[in-house]
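What follows is the content of target13.pdb, which has PDB, N, CA and C atoms:
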ATOM      1  N   MET A   1      -6.119 -39.481 -32.738
ATOM      2  CA  MET A   1      -5.790 -38.067 -32.836
ATOM      3  C   MET A   1      -4.705 -37.725 -31.826
ATOM      4  N   CYS A   2      -3.725 -37.019 -32.201
ATOM      5  CA  CYS A   2      -2.593 -36.635 -31.350
ATOM      6  C   CYS A   2      -2.983 -35.437 -30.489
ATOM      7  N   ALA A   3      -2.578 -35.443 -29.216
ATOM      8  CA  ALA A   3      -2.920 -34.369 -28.289
ATOM      9  C   ALA A   3      -2.224 -33.074 -28.660
ATOM     10  N   ARG A   4      -1.134 -33.158 -29.413
ATOM     11  CA  ARG A   4      -0.376 -31.960 -29.775
ATOM     12  C   ARG A   4      -0.707 -31.453 -31.167
ATOM     13  N   SER A   5      -1.828 -31.809 -31.673
ATOM     14  CA  SER A   5      -2.226 -31.393 -33.014
ATOM     15  C   SER A   5      -2.359 -29.880 -33.056
ATOM     16  N   THR A   6      -1.855 -29.267 -34.096
ATOM     17  CA  THR A   6      -1.922 -27.810 -34.235
ATOM     18  C   THR A   6      -3.147 -27.379 -35.000
ATOM     19  N   HIS A   7      -3.910 -28.321 -35.523
ATOM     20  CA  HIS A   7      -5.105 -27.993 -36.292
ATOM     21  C   HIS A   7      -6.329 -28.178 -35.409
ATOM     22  N   SER A   8      -7.221 -27.215 -35.479
ATOM     23  CA  SER A   8      -8.453 -27.280 -34.720
ATOM     24  C   SER A   8      -9.561 -27.801 -35.616
ATOM     25  N   ARG A   9     -10.428 -28.572 -35.030
ATOM     26  CA  ARG A   9     -11.562 -29.077 -35.800
ATOM     27  C   ARG A   9     -12.796 -28.203 -35.580
ATOM     28  N   LEU A  10     -12.637 -27.097 -34.835
ATOM     29  CA  LEU A  10     -13.753 -26.177 -34.614
ATOM     30  C   LEU A  10     -13.823 -25.190 -35.771
ATOM     31  N   PRO A  11     -15.024 -24.746 -36.078
ATOM     32  CA  PRO A  11     -15.146 -23.694 -37.095
ATOM     33  C   PRO A  11     -14.458 -22.426 -36.592
ATOM     34  N   PRO A  12     -13.922 -21.619 -37.499
ATOM     35  CA  PRO A  12     -13.211 -20.401 -37.091
ATOM     36  C   PRO A  12     -14.040 -19.473 -36.212
ATOM     37  N   ALA A  13     -15.313 -19.309 -36.512
ATOM     38  CA  ALA A  13     -16.144 -18.411 -35.701
ATOM     39  C   ALA A  13     -16.242 -18.906 -34.261
ATOM     40  N   GLN A  14     -16.390 -20.198 -34.072
ATOM     41  CA  GLN A  14     -16.484 -20.770 -32.727
ATOM     42  C   GLN A  14     -15.139 -20.668 -32.014
ATOM     43  N   SER A  15     -14.067 -20.897 -32.725
ATOM     44  CA  SER A  15     -12.726 -20.765 -32.136
ATOM     45  C   SER A  15     -12.489 -19.349 -31.655
ATOM     46  N   HIS A  16     -12.883 -18.360 -32.479
ATOM     47  CA  HIS A  16     -12.698 -16.956 -32.090
ATOM     48  C   HIS A  16     -13.585 -16.600 -30.895
ATOM     49  N   ALA A  17     -14.793 -17.137 -30.845
ATOM     50  CA  ALA A  17     -15.690 -16.873 -29.713
ATOM     51  C   ALA A  17     -15.114 -17.433 -28.421
ATOM     52  N   ILE A  18     -14.568 -18.637 -28.487
ATOM     53  CA  ILE A  18     -13.952 -19.249 -27.303
ATOM     54  C   ILE A  18     -12.744 -18.434 -26.869
ATOM     55  N   LEU A  19     -11.930 -18.018 -27.823
ATOM     56  CA  LEU A  19     -10.754 -17.209 -27.508
ATOM     57  C   LEU A  19     -11.157 -15.883 -26.876
ATOM     58  N   LYS A  20     -12.205 -15.254 -27.400
ATOM     59  CA  LYS A  20     -12.675 -13.980 -26.856
ATOM     60  C   LYS A  20     -13.136 -14.139 -25.403
ATOM     61  N   VAL A  21     -13.879 -15.216 -25.118
ATOM     62  CA  VAL A  21     -14.338 -15.476 -23.749
ATOM     63  C   VAL A  21     -13.146 -15.693 -22.825
ATOM     64  N   MET A  22     -12.158 -16.438 -23.286
ATOM     65  CA  MET A  22     -10.967 -16.683 -22.465
ATOM     66  C   MET A  22     -10.221 -15.384 -22.198
ATOM     67  N   GLU A  23     -10.107 -14.517 -23.198
ATOM     68  CA  GLU A  23      -9.436 -13.223 -23.013
ATOM     69  C   GLU A  23     -10.197 -12.358 -22.011
ATOM     70  N   LEU A  24     -11.531 -12.338 -22.127
ATOM     71  CA  LEU A  24     -12.339 -11.557 -21.184
ATOM     72  C   LEU A  24     -12.188 -12.077 -19.758
ATOM     73  N   GLU A  25     -12.167 -13.376 -19.593
ATOM     74  CA  GLU A  25     -12.003 -13.969 -18.258
ATOM     75  C   GLU A  25     -10.642 -13.612 -17.674
ATOM     76  N   MET A  26      -9.605 -13.688 -18.497
ATOM     77  CA  MET A  26      -8.261 -13.361 -18.009
ATOM     78  C   MET A  26      -8.158 -11.886 -17.645
ATOM     79  N   THR A  27      -8.792 -11.015 -18.445
ATOM     80  CA  THR A  27      -8.768  -9.581 -18.163
ATOM     81  C   THR A  27      -9.514  -9.272 -16.870
ATOM     82  N   SER A  28     -10.695  -9.863 -16.697
ATOM     83  CA  SER A  28     -11.468  -9.584 -15.484
ATOM     84  C   SER A  28     -10.764 -10.142 -14.253
ATOM     85  N   ALA A  29     -10.105 -11.286 -14.376
ATOM     86  CA  ALA A  29      -9.363 -11.836 -13.234
ATOM     87  C   ALA A  29      -8.186 -10.945 -12.889
ATOM     88  N   HIS A  30      -7.531 -10.388 -13.897
ATOM     89  CA  HIS A  30      -6.381  -9.513 -13.653
ATOM     90  C   HIS A  30      -6.819  -8.214 -12.982
ATOM     91  N   GLU A  31      -7.979  -7.684 -13.367
ATOM     92  CA  GLU A  31      -8.471  -6.438 -12.782
ATOM     93  C   GLU A  31      -8.877  -6.603 -11.331
ATOM     94  N   SER A  32      -9.224  -7.808 -10.894
ATOM     95  CA  SER A  32      -9.668  -8.006  -9.527
ATOM     96  C   SER A  32      -8.516  -8.280  -8.560
ATOM     97  N   LEU A  33      -7.316  -8.440  -9.077
ATOM     98  CA  LEU A  33      -6.165  -8.696  -8.213
ATOM     99  C   LEU A  33      -5.588  -7.381  -7.703
ATOM    100  N   ALA A  34      -5.202  -7.361  -6.452
ATOM    101  CA  ALA A  34      -4.596  -6.171  -5.867
ATOM    102  C   ALA A  34      -3.096  -6.182  -6.139
ATOM    103  N   THR A  35      -2.588  -5.035  -6.502
ATOM    104  CA  THR A  35      -1.150  -4.903  -6.711
ATOM    105  C   THR A  35      -0.506  -4.452  -5.403
ATOM    106  N   LYS A  36       0.810  -4.462  -5.388
ATOM    107  CA  LYS A  36       1.530  -4.003  -4.197
ATOM    108  C   LYS A  36       1.221  -2.531  -3.942
ATOM    109  N   ALA A  37       1.091  -1.755  -5.007
ATOM    110  CA  ALA A  37       0.752  -0.336  -4.857
ATOM    111  C   ALA A  37      -0.631  -0.171  -4.240
ATOM    112  N   ASP A  38      -1.580  -1.022  -4.653
ATOM    113  CA  ASP A  38      -2.933  -0.974  -4.073
ATOM    114  C   ASP A  38      -2.883  -1.238  -2.572
ATOM    115  N   ILE A  39      -2.114  -2.231  -2.188
ATOM    116  CA  ILE A  39      -2.014  -2.598  -0.774
ATOM    117  C   ILE A  39      -1.344  -1.493   0.030
ATOM    118  N   LEU A  40      -0.299  -0.881  -0.535
ATOM    119  CA  LEU A  40       0.375   0.215   0.167
ATOM    120  C   LEU A  40      -0.544   1.426   0.316
ATOM    121  N   GLU A  41      -1.361   1.678  -0.706
ATOM    122  CA  GLU A  41      -2.311   2.789  -0.622
ATOM    123  C   GLU A  41      -3.364   2.525   0.462
ATOM    124  N   LEU A  42      -3.870   1.307   0.500
ATOM    125  CA  LEU A  42      -4.843   0.958   1.541
ATOM    126  C   LEU A  42      -4.219   1.043   2.930
ATOM    127  N   ARG A  43      -2.958   0.644   3.029
ATOM    128  CA  ARG A  43      -2.260   0.710   4.314
ATOM    129  C   ARG A  43      -2.146   2.151   4.787
ATOM    130  N   ALA A  44      -1.811   3.060   3.866
ATOM    131  CA  ALA A  44      -1.705   4.474   4.230
ATOM    132  C   ALA A  44      -3.061   5.026   4.650
ATOM    133  N   GLU A  45      -4.119   4.672   3.912
ATOM    134  CA  GLU A  45      -5.463   5.114   4.281
ATOM    135  C   GLU A  45      -5.870   4.552   5.644
ATOM    136  N   PHE A  46      -5.506   3.310   5.904
ATOM    137  CA  PHE A  46      -5.825   2.675   7.179
ATOM    138  C   PHE A  46      -5.138   3.405   8.325
ATOM    139  N   ARG A  47      -3.887   3.777   8.124
ATOM    140  CA  ARG A  47      -3.159   4.495   9.176
ATOM    141  C   ARG A  47      -3.796   5.845   9.469
ATOM    142  N   VAL A  48      -4.200   6.567   8.422
ATOM    143  CA  VAL A  48      -4.850   7.859   8.620
ATOM    144  C   VAL A  48      -6.157   7.669   9.390
ATOM    145  N   GLU A  49      -6.923   6.658   9.001
ATOM    146  CA  GLU A  49      -8.192   6.380   9.683
ATOM    147  C   GLU A  49      -7.961   6.004  11.147
ATOM    148  N   MET A  50      -6.934   5.222  11.417
ATOM    149  CA  MET A  50      -6.631   4.825  12.794
ATOM    150  C   MET A  50      -6.231   6.030  13.638
ATOM    151  N   LYS A  51      -5.480   6.961  13.051
ATOM    152  CA  LYS A  51      -5.105   8.179  13.783
ATOM    153  C   LYS A  51      -6.344   8.999  14.121
ATOM    154  N   SER A  52      -7.283   9.062  13.196
ATOM    155  CA  SER A  52      -8.526   9.791  13.433
ATOM    156  C   SER A  52      -9.323   9.139  14.562
ATOM    157  N   ILE A  53      -9.422   7.835  14.519
ATOM    158  CA  ILE A  53     -10.145   7.102  15.567
ATOM    159  C   ILE A  53      -9.441   7.253  16.909
ATOM    160  N   GLU A  54      -8.123   7.220  16.876
ATOM    161  CA  GLU A  54      -7.347   7.376  18.108
ATOM    162  C   GLU A  54      -7.624   8.737  18.748
ATOM    163  N   GLY A  55      -7.669   9.787  17.945
ATOM    164  CA  GLY A  55      -7.951  11.122  18.458
ATOM    165  C   GLY A  55      -9.347  11.214  19.049
ATOM    166  N   ALA A  56     -10.327  10.633  18.339
ATOM    167  CA  ALA A  56     -11.707  10.665  18.829
ATOM    168  C   ALA A  56     -11.832   9.872  20.125
ATOM    169  N   LEU A  57     -11.170   8.730  20.196
ATOM    170  CA  LEU A  57     -11.217   7.911  21.401
ATOM    171  C   LEU A  57     -10.557   8.623  22.580
ATOM    172  N   SER A  58      -9.455   9.299  22.320
ATOM    173  CA  SER A  58      -8.776  10.043  23.387
ATOM    174  C   SER A  58      -9.674  11.144  23.950
ATOM    175  N   ARG A  59     -10.355  11.869  23.052
ATOM    176  CA  ARG A  59     -11.270  12.926  23.518
ATOM    177  C   ARG A  59     -12.427  12.335  24.311
ATOM    178  N   TRP A  60     -12.945  11.193  23.872
ATOM    179  CA  TRP A  60     -14.055  10.542  24.564
ATOM    180  C   TRP A  60     -13.634  10.085  25.957
ATOM    181  N   VAL A  61     -12.443   9.489  26.074
ATOM    182  CA  VAL A  61     -11.949   9.023  27.374
ATOM    183  C   VAL A  61     -11.730  10.215  28.303
ATOM    184  N   LEU A  62     -11.151  11.295  27.800
ATOM    185  CA  LEU A  62     -10.941  12.490  28.620
ATOM    186  C   LEU A  62     -12.274  13.052  29.100
ATOM    187  N   THR A  63     -13.269  13.084  28.222
ATOM    188  CA  THR A  63     -14.600  13.565  28.615
ATOM    189  C   THR A  63     -15.201  12.684  29.705
ATOM    190  N   CYS A  64     -15.047  11.371  29.564
ATOM    191  CA  CYS A  64     -15.563  10.451  30.586
ATOM    192  C   CYS A  64     -14.869  10.661  31.931
ATOM    193  N   ILE A  65     -13.574  10.850  31.903
ATOM    194  CA  ILE A  65     -12.819  11.067  33.154
ATOM    195  C   ILE A  65     -13.266  12.370  33.813
ATOM    196  N   LEU A  66     -13.422  13.421  33.022
ATOM    197  CA  LEU A  66     -13.866  14.703  33.588
ATOM    198  C   LEU A  66     -15.287  14.592  34.139
ATOM    199  N   ALA A  67     -16.163  13.901  33.437
ATOM    200  CA  ALA A  67     -17.538  13.731  33.915
ATOM    201  C   ALA A  67     -17.564  12.913  35.199
ATOM    202  N   GLN A  68     -16.763  11.856  35.257
ATOM    203  CA  GLN A  68     -16.711  11.035  36.462
ATOM    204  C   GLN A  68     -16.165  11.844  37.636
ATOM    205  N   THR A  69     -15.164  12.652  37.383
ATOM    206  CA  THR A  69     -14.601  13.498  38.440
ATOM    207  C   THR A  69     -15.650  14.486  38.951
ATOM    208  N   ALA A  70     -16.421  15.062  38.034
ATOM    209  CA  ALA A  70     -17.468  16.020  38.438
ATOM    210  C   ALA A  70     -18.549  15.326  39.265
ATOM    211  N   VAL A  71     -18.940  14.129  38.856
ATOM    212  CA  VAL A  71     -19.958  13.385  39.605
ATOM    213  C   VAL A  71     -19.433  13.040  40.996
ATOM    214  N   LEU A  72     -18.208  12.562  41.088
ATOM    215  CA  LEU A  72     -17.645  12.211  42.403
ATOM    216  C   LEU A  72     -17.475  13.441  43.287
ATOM    217  N   ALA A  73     -17.077  14.556  42.685
ATOM    218  CA  ALA A  73     -16.948  15.796  43.470
ATOM    219  C   ALA A  73     -18.326  16.236  43.965
ATOM    220  N   GLY A  74     -19.343  16.117  43.130
ATOM    221  CA  GLY A  74     -20.710  16.470  43.534
ATOM    222  C   GLY A  74     -21.208  15.566  44.644
ATOM    223  N   LEU A  75     -20.946  14.270  44.549
ATOM    224  CA  LEU A  75     -21.343  13.348  45.614
ATOM    225  C   LEU A  75     -20.595  13.647  46.913
ATOM    226  N   GLY A  76     -19.320  13.946  46.778
ATOM    227  CA  GLY A  76     -18.533  14.292  47.969
ATOM    228  C   GLY A  76     -19.072  15.541  48.645
ATOM    229  N   TYR A  77     -19.392  16.550  47.857
ATOM    230  CA  TYR A  77     -19.962  17.779  48.413
ATOM    231  C   TYR A  77     -21.314  17.497  49.074
ATOM    232  N   PHE A  78     -22.151  16.690  48.422
ATOM    233  CA  PHE A  78     -23.457  16.353  48.972
ATOM    234  C   PHE A  78     -23.316  15.666  50.330
ATOM    235  N   PHE A  79     -22.443  14.657  50.404
ATOM    236  CA  PHE A  79     -22.273  13.945  51.679
ATOM    237  C   PHE A  79     -21.676  14.834  52.759
ATOM    238  N   LEU A  80     -20.729  15.675  52.418
ATOM    239  CA  LEU A  80     -20.134  16.577  53.410
ATOM    240  C   LEU A  80     -21.157  17.608  53.883
ATOM    241  N   ALA A  81     -21.977  18.093  52.970
ATOM    242  CA  ALA A  81     -22.960  19.122  53.325
ATOM    243  C   ALA A  81     -24.098  18.550  54.198
ATOM    244  N   HIS A  82     -24.459  17.297  53.962
ATOM    245  CA  HIS A  82     -25.607  16.735  54.692
ATOM    246  C   HIS A  82     -25.223  15.818  55.849
ATOM    247  N   PHE A  83     -24.098  15.184  55.774
ATOM    248  CA  PHE A  83     -23.750  14.220  56.825
ATOM    249  C   PHE A  83     -22.461  14.568  57.543
ATOM    250  N   GLY A  84     -21.835  15.646  57.192
ATOM    251  CA  GLY A  84     -20.549  16.001  57.790
ATOM    252  C   GLY A  84     -20.675  16.749  59.110
ATOM    253  N   ARG A  85     -21.843  16.973  59.586
ATOM    254  CA  ARG A  85     -22.025  17.757  60.825
ATOM    255  C   ARG A  85     -21.840  16.927  62.039
TER     256      ARG A  85
END

What is this structure when it is put down as structure tokens?
Amino acid sequence: MCARSTHSRLPPAQSHAILKVMELEMTSAHESLATKADILELRAEFRVEMKSIEGALSRWVLTCILAQTAVLAGLGYFFLAHFGR
């Protein structure tokens, strides 16, 4: 039998079933691939999310610095009031 034979020895129903499965596999594989537009959209969303996190982190660091300053000022006042005489 020649490898380039154009005639199939499968029944038509089986040939169509195999073709249908192959088409479904190719369609599902194509749907799972990311396009350049998908990647650019994710990149834009990532940047927005990073800006949000950056803002929250900045507020948290500022709060920590202010709290540390208040604690150190309180300790300084305590030591001056009790041991500064």

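Between atom C of Arg59 of chain A and atom CA of Val71 of chain A the separation is 17.1 Å.
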
Any chance you could work out the axis-aligned box around segment 13-21 of chain A, listed atoms only, 6 Å on each side, giving centre and edge lengths in Å to one decimal, as JSON?
{"center_x": -13.6, "center_y": -17.4, "center_z": -29.7, "size_x": 17.7, "size_y": 18.9, "size_z": 25.7}

### Query
Just how far from atom N of Ala67 of chain A is atom C of Ala81 of chain A, in Å to one decimal?
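Separation between atom C of Ala81 of chain A and atom N of Ala67 of chain A: 22.7 Å.
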
### Query
Rounded to one decimal in Å, what is the spacing between atom C of Ala56 of chain A and atom N of Gly74 of chain A?
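We find that atom C of Ala56 of chain A and atom N of Gly74 of chain A lie 25.0 Å from each other.
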